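Next comes entry_30.csv, with CSV, C-alpha atoms.
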```csv
chain,number,residue,atom,x,y,z
A,1,MET,CA,162.0,114.9,99.2
A,2,ALA,CA,159.9,116.7,101.8
A,3,SER,CA,158.8,119.3,99.3
A,4,ALA,CA,157.7,116.6,96.8
A,5,ARG,CA,155.7,114.9,99.5
A,6,GLY,CA,154.1,118.2,100.5
A,7,LEU,CA,153.2,118.9,96.8
A,8,LEU,CA,151.7,115.4,96.5
A,9,LEU,CA,149.5,116.0,99.6
A,10,VAL,CA,148.3,119.3,98.2
A,11,ALA,CA,147.5,117.7,94.8
A,12,VAL,CA,145.5,114.9,96.5
A,13,ALA,CA,143.6,117.5,98.7
A,14,VAL,CA,142.8,119.6,95.6
A,15,ALA,CA,141.6,116.6,93.7
A,16,ALA,CA,139.4,115.3,96.5
A,17,PHE,CA,137.9,118.7,97.2
A,18,PRO,CA,135.0,118.6,94.7
A,19,PHE,CA,134.0,115.1,95.9
A,20,SER,CA,133.9,116.1,99.5
A,21,CYS,CA,131.8,119.1,98.7
A,22,ALA,CA,129.4,117.1,96.6
A,23,ALA,CA,129.0,114.5,99.3
A,24,GLY,CA,127.8,117.0,101.8
A,25,ALA,CA,125.5,118.8,99.4
A,26,VAL,CA,121.8,119.2,100.3
A,27,ALA,CA,119.2,118.9,97.6
A,28,PRO,CA,117.2,122.1,97.1
A,29,SER,CA,113.5,121.9,97.7
A,30,SER,CA,111.1,121.1,94.9
A,31,ALA,CA,109.8,124.6,95.1
A,32,THR,CA,113.2,126.0,94.1
A,33,ARG,CA,114.4,123.5,91.5
A,34,ARG,CA,112.6,122.3,88.4
A,35,LEU,CA,114.4,119.7,86.4
A,36,LEU,CA,112.2,119.3,83.4
A,37,ARG,CA,115.4,119.8,81.3
A,38,ALA,CA,118.7,118.1,82.0
A,39,PRO,CA,121.2,120.3,83.9
A,40,GLY,CA,124.1,119.6,81.6
A,41,GLY,CA,123.5,116.2,80.0
A,42,LEU,CA,120.9,114.6,77.8
A,43,TRP,CA,117.9,112.6,79.0
A,44,THR,CA,117.9,109.1,77.7
A,45,PRO,CA,114.5,107.4,77.3
A,46,VAL,CA,113.9,104.3,79.3
A,47,PRO,CA,112.8,101.6,76.8
A,48,ASP,CA,110.1,100.1,79.1
A,49,ALA,CA,108.5,102.4,81.7
A,50,ARG,CA,106.7,99.3,83.0
A,51,ASP,CA,109.9,98.1,84.5
A,52,PRO,CA,109.3,97.2,88.2
A,53,HIS,CA,112.1,99.4,89.4
A,54,ILE,CA,110.8,102.4,87.4
A,55,GLN,CA,107.3,101.8,88.8
A,56,GLU,CA,108.7,101.6,92.4
A,57,LEU,CA,110.6,104.9,91.9
A,58,GLY,CA,107.3,106.5,90.8
A,59,ARG,CA,105.5,105.1,93.8
A,60,TRP,CA,108.3,106.3,96.1
A,61,ALA,CA,108.2,109.8,94.5
A,62,VAL,CA,104.4,110.1,95.2
A,63,ARG,CA,104.7,108.9,98.8
A,64,THR,CA,107.6,111.2,99.5
A,65,HIS,CA,105.8,114.2,97.9
A,66,ASP,CA,102.7,113.4,100.0
A,67,ARG,CA,104.8,113.2,103.2
A,68,LEU,CA,106.4,116.7,102.4
A,69,ASP,CA,103.3,118.5,101.0
A,70,GLY,CA,100.3,116.6,102.3
A,71,ASP,CA,98.5,116.3,98.9
A,72,HIS,CA,97.2,112.8,99.6
A,73,LEU,CA,97.9,111.6,96.1
A,74,VAL,CA,97.5,107.9,95.2
A,75,PHE,CA,100.1,106.5,92.7
A,76,ARG,CA,98.7,105.0,89.5
A,77,HIS,CA,101.6,104.3,87.2
A,78,VAL,CA,104.7,105.8,85.4
A,79,SER,CA,103.8,106.3,81.8
A,80,ARG,CA,107.2,107.4,80.5
A,81,ALA,CA,110.7,107.7,82.0
A,82,GLU,CA,114.1,109.1,81.1
A,83,ILE,CA,117.4,108.8,82.9
A,84,GLN,CA,120.6,110.8,83.0
A,85,GLY,CA,123.8,109.4,84.6
A,86,GLY,CA,126.5,111.0,86.7
A,87,ALA,CA,127.6,110.4,90.3
A,88,GLY,CA,124.2,108.8,90.6
A,89,VAL,CA,121.2,108.5,88.3
A,90,ASP,CA,118.6,111.2,87.7
A,91,ASN,CA,115.3,109.6,86.9
A,92,ARG,CA,112.6,111.8,85.3
A,93,LEU,CA,109.3,110.1,85.7
A,94,HIS,CA,106.1,111.1,83.9
A,95,LEU,CA,103.5,109.6,86.2
A,96,LYS,CA,99.8,109.5,86.9
A,97,ALA,CA,98.3,109.9,90.4
A,98,ALA,CA,94.8,110.4,91.7
A,99,GLY,CA,93.3,112.2,94.7
A,100,GLY,CA,94.4,115.5,96.3
A,101,ASP,CA,93.1,118.7,94.9
A,102,PRO,CA,90.9,117.9,91.9
A,103,SER,CA,92.1,121.1,90.1
A,104,SER,CA,95.7,119.9,90.3
A,105,GLY,CA,95.3,117.3,87.5
A,106,THR,CA,96.5,113.8,87.5
A,107,SER,CA,99.7,114.0,85.4
A,108,PHE,CA,103.0,114.9,87.2
A,109,VAL,CA,106.7,114.9,86.5
A,110,ALA,CA,109.0,113.8,89.2
A,111,VAL,CA,112.8,113.9,89.2
A,112,VAL,CA,114.4,111.4,91.6
A,113,TRP,CA,118.1,111.1,92.1
A,114,GLU,CA,119.3,107.7,93.0
A,115,SER,CA,122.8,106.8,94.2
A,116,ALA,CA,124.6,104.2,92.1
A,117,PHE,CA,126.4,103.0,95.1
A,118,SER,CA,124.1,103.0,98.1
A,119,GLY,CA,120.6,103.1,96.5
A,120,THR,CA,119.8,106.3,98.4
A,121,ARG,CA,117.1,108.4,96.8
A,122,THR,CA,116.3,112.1,96.8
A,123,LEU,CA,113.2,113.7,95.4
A,124,LEU,CA,114.5,116.7,93.5
A,125,SER,CA,111.3,117.9,92.0
A,126,PHE,CA,107.6,117.0,91.7
A,127,ASP,CA,105.5,119.2,89.4
A,128,ARG,CA,102.2,119.1,87.5
A,129,GLU,CA,102.8,118.2,83.9
```

Take the structure I supplied and represent it as structure tokens, if you would.
Amino acid sequence: MASARGLLLVAVAVAAFPFSCAAGAVAPSSATRRLLRAPGGLWTPVPDARDPHIQELGRWAVRTHDRLDGDHLVFRHVSRAEIQGGAGVDNRLHLKAAGGDPSSGTSFVAVVWESAFSGTRTLLSFDRE
């Protein structure tokens, strides 16, 4: 009986290992990770990019990028969006922003991961389109 119990504990520990590692993972900086293509799944178009939640994600992405890089961009709108599910949702946002360096252009692609459970957000990438 003790060996069966020990085997069960090992099985539970092995099954839980990937989740405990993923929970402590740190997102790489936008300079090291570009997610213009899905890393294993397909991007599904969002039917209405004008959805208030999608627009708020775009606004948040620009504010977060500005805080990290100091570009002083001003969010205009998200023109197109795609999502990809998993442990959370990756949101790929094609957005317009003004200000900053005039040579940088006004079209950007941001990838924002959002937790399905807690609503936590992480800016995974922010690049000129």

Problem set entry | Near-Trp113 in chain A list (7 Å; only C-alpha atoms; drop same-chain fewer than 6 positions) as a ChimeraX atom specification | /A:88-91,121-124

Problem set entry | A:Ala116, A:Ala110, A:Val62, A:Leu73 ranked by distance to Ala87 in chain A, top pick (using all atoms listed in the file) |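 Smallest distance to Ala87 in chain A is found for A:Ala116.
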
Exercise. How many Å lie between CA of Phe117 in chain A and CA of His77 in chain A, rounded to one decimal?
Worked result: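 Value for the CA of Phe117 in chain A-CA of His77 in chain A distance: 26.1 Å.
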
For this session: Excluding Thr64 in chain A and residues on its chain fewer than 5 positions from it, collect all residues at most 10 Å away from it, counting only C-alpha atoms, and give them as a ChimeraX atom specification.
Result: /A:58-59,69-70,122-123,126

For this session: Would you mind telling me which residue in A:Leu42, A:Ser118, A:Ser125, A:Leu93 lies nearest to Leu57 in chain A when using only C-alpha atoms?
Result: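 Going through A:Leu42, A:Ser118, A:Ser125, A:Leu93 one by one, the smallest distance to Leu57 in chain A is for A:Leu93.
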
Exercise. Hey, can you check how far CA of His94 in chain A sits from CA of Glu129 in chain A?
Worked result: 7.8 Å

What would the list of residues within 9 Å of (105.7, 107.0, 82.0) (file frame) look like as a PDB file with C-alpha atoms, in the frame of the given file, if only C-alpha atoms are what count?
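Okay, this is what ended up in part.pdb:
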```pdb
ATOM      1  CA  ASP A  48     110.100 100.100  79.100  1.00  0.00           C
ATOM      2  CA  ALA A  49     108.500 102.400  81.700  1.00  0.00           C
ATOM      3  CA  ARG A  50     106.700  99.300  83.000  1.00  0.00           C
ATOM      4  CA  ILE A  54     110.800 102.400  87.400  1.00  0.00           C
ATOM      5  CA  GLN A  55     107.300 101.800  88.800  1.00  0.00           C
ATOM      6  CA  GLY A  58     107.300 106.500  90.800  1.00  0.00           C
ATOM      7  CA  HIS A  77     101.600 104.300  87.200  1.00  0.00           C
ATOM      8  CA  VAL A  78     104.700 105.800  85.400  1.00  0.00           C
ATOM      9  CA  SER A  79     103.800 106.300  81.800  1.00  0.00           C
ATOM     10  CA  ARG A  80     107.200 107.400  80.500  1.00  0.00           C
ATOM     11  CA  ALA A  81     110.700 107.700  82.000  1.00  0.00           C
ATOM     12  CA  GLU A  82     114.100 109.100  81.100  1.00  0.00           C
ATOM     13  CA  LEU A  93     109.300 110.100  85.700  1.00  0.00           C
ATOM     14  CA  HIS A  94     106.100 111.100  83.900  1.00  0.00           C
ATOM     15  CA  LEU A  95     103.500 109.600  86.200  1.00  0.00           C
ATOM     16  CA  LYS A  96      99.800 109.500  86.900  1.00  0.00           C
TER      17      LYS A  96
END
```

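Here CA of Arg76 in chain A and CA of Ser115 in chain A stand 24.6 Å from one another.
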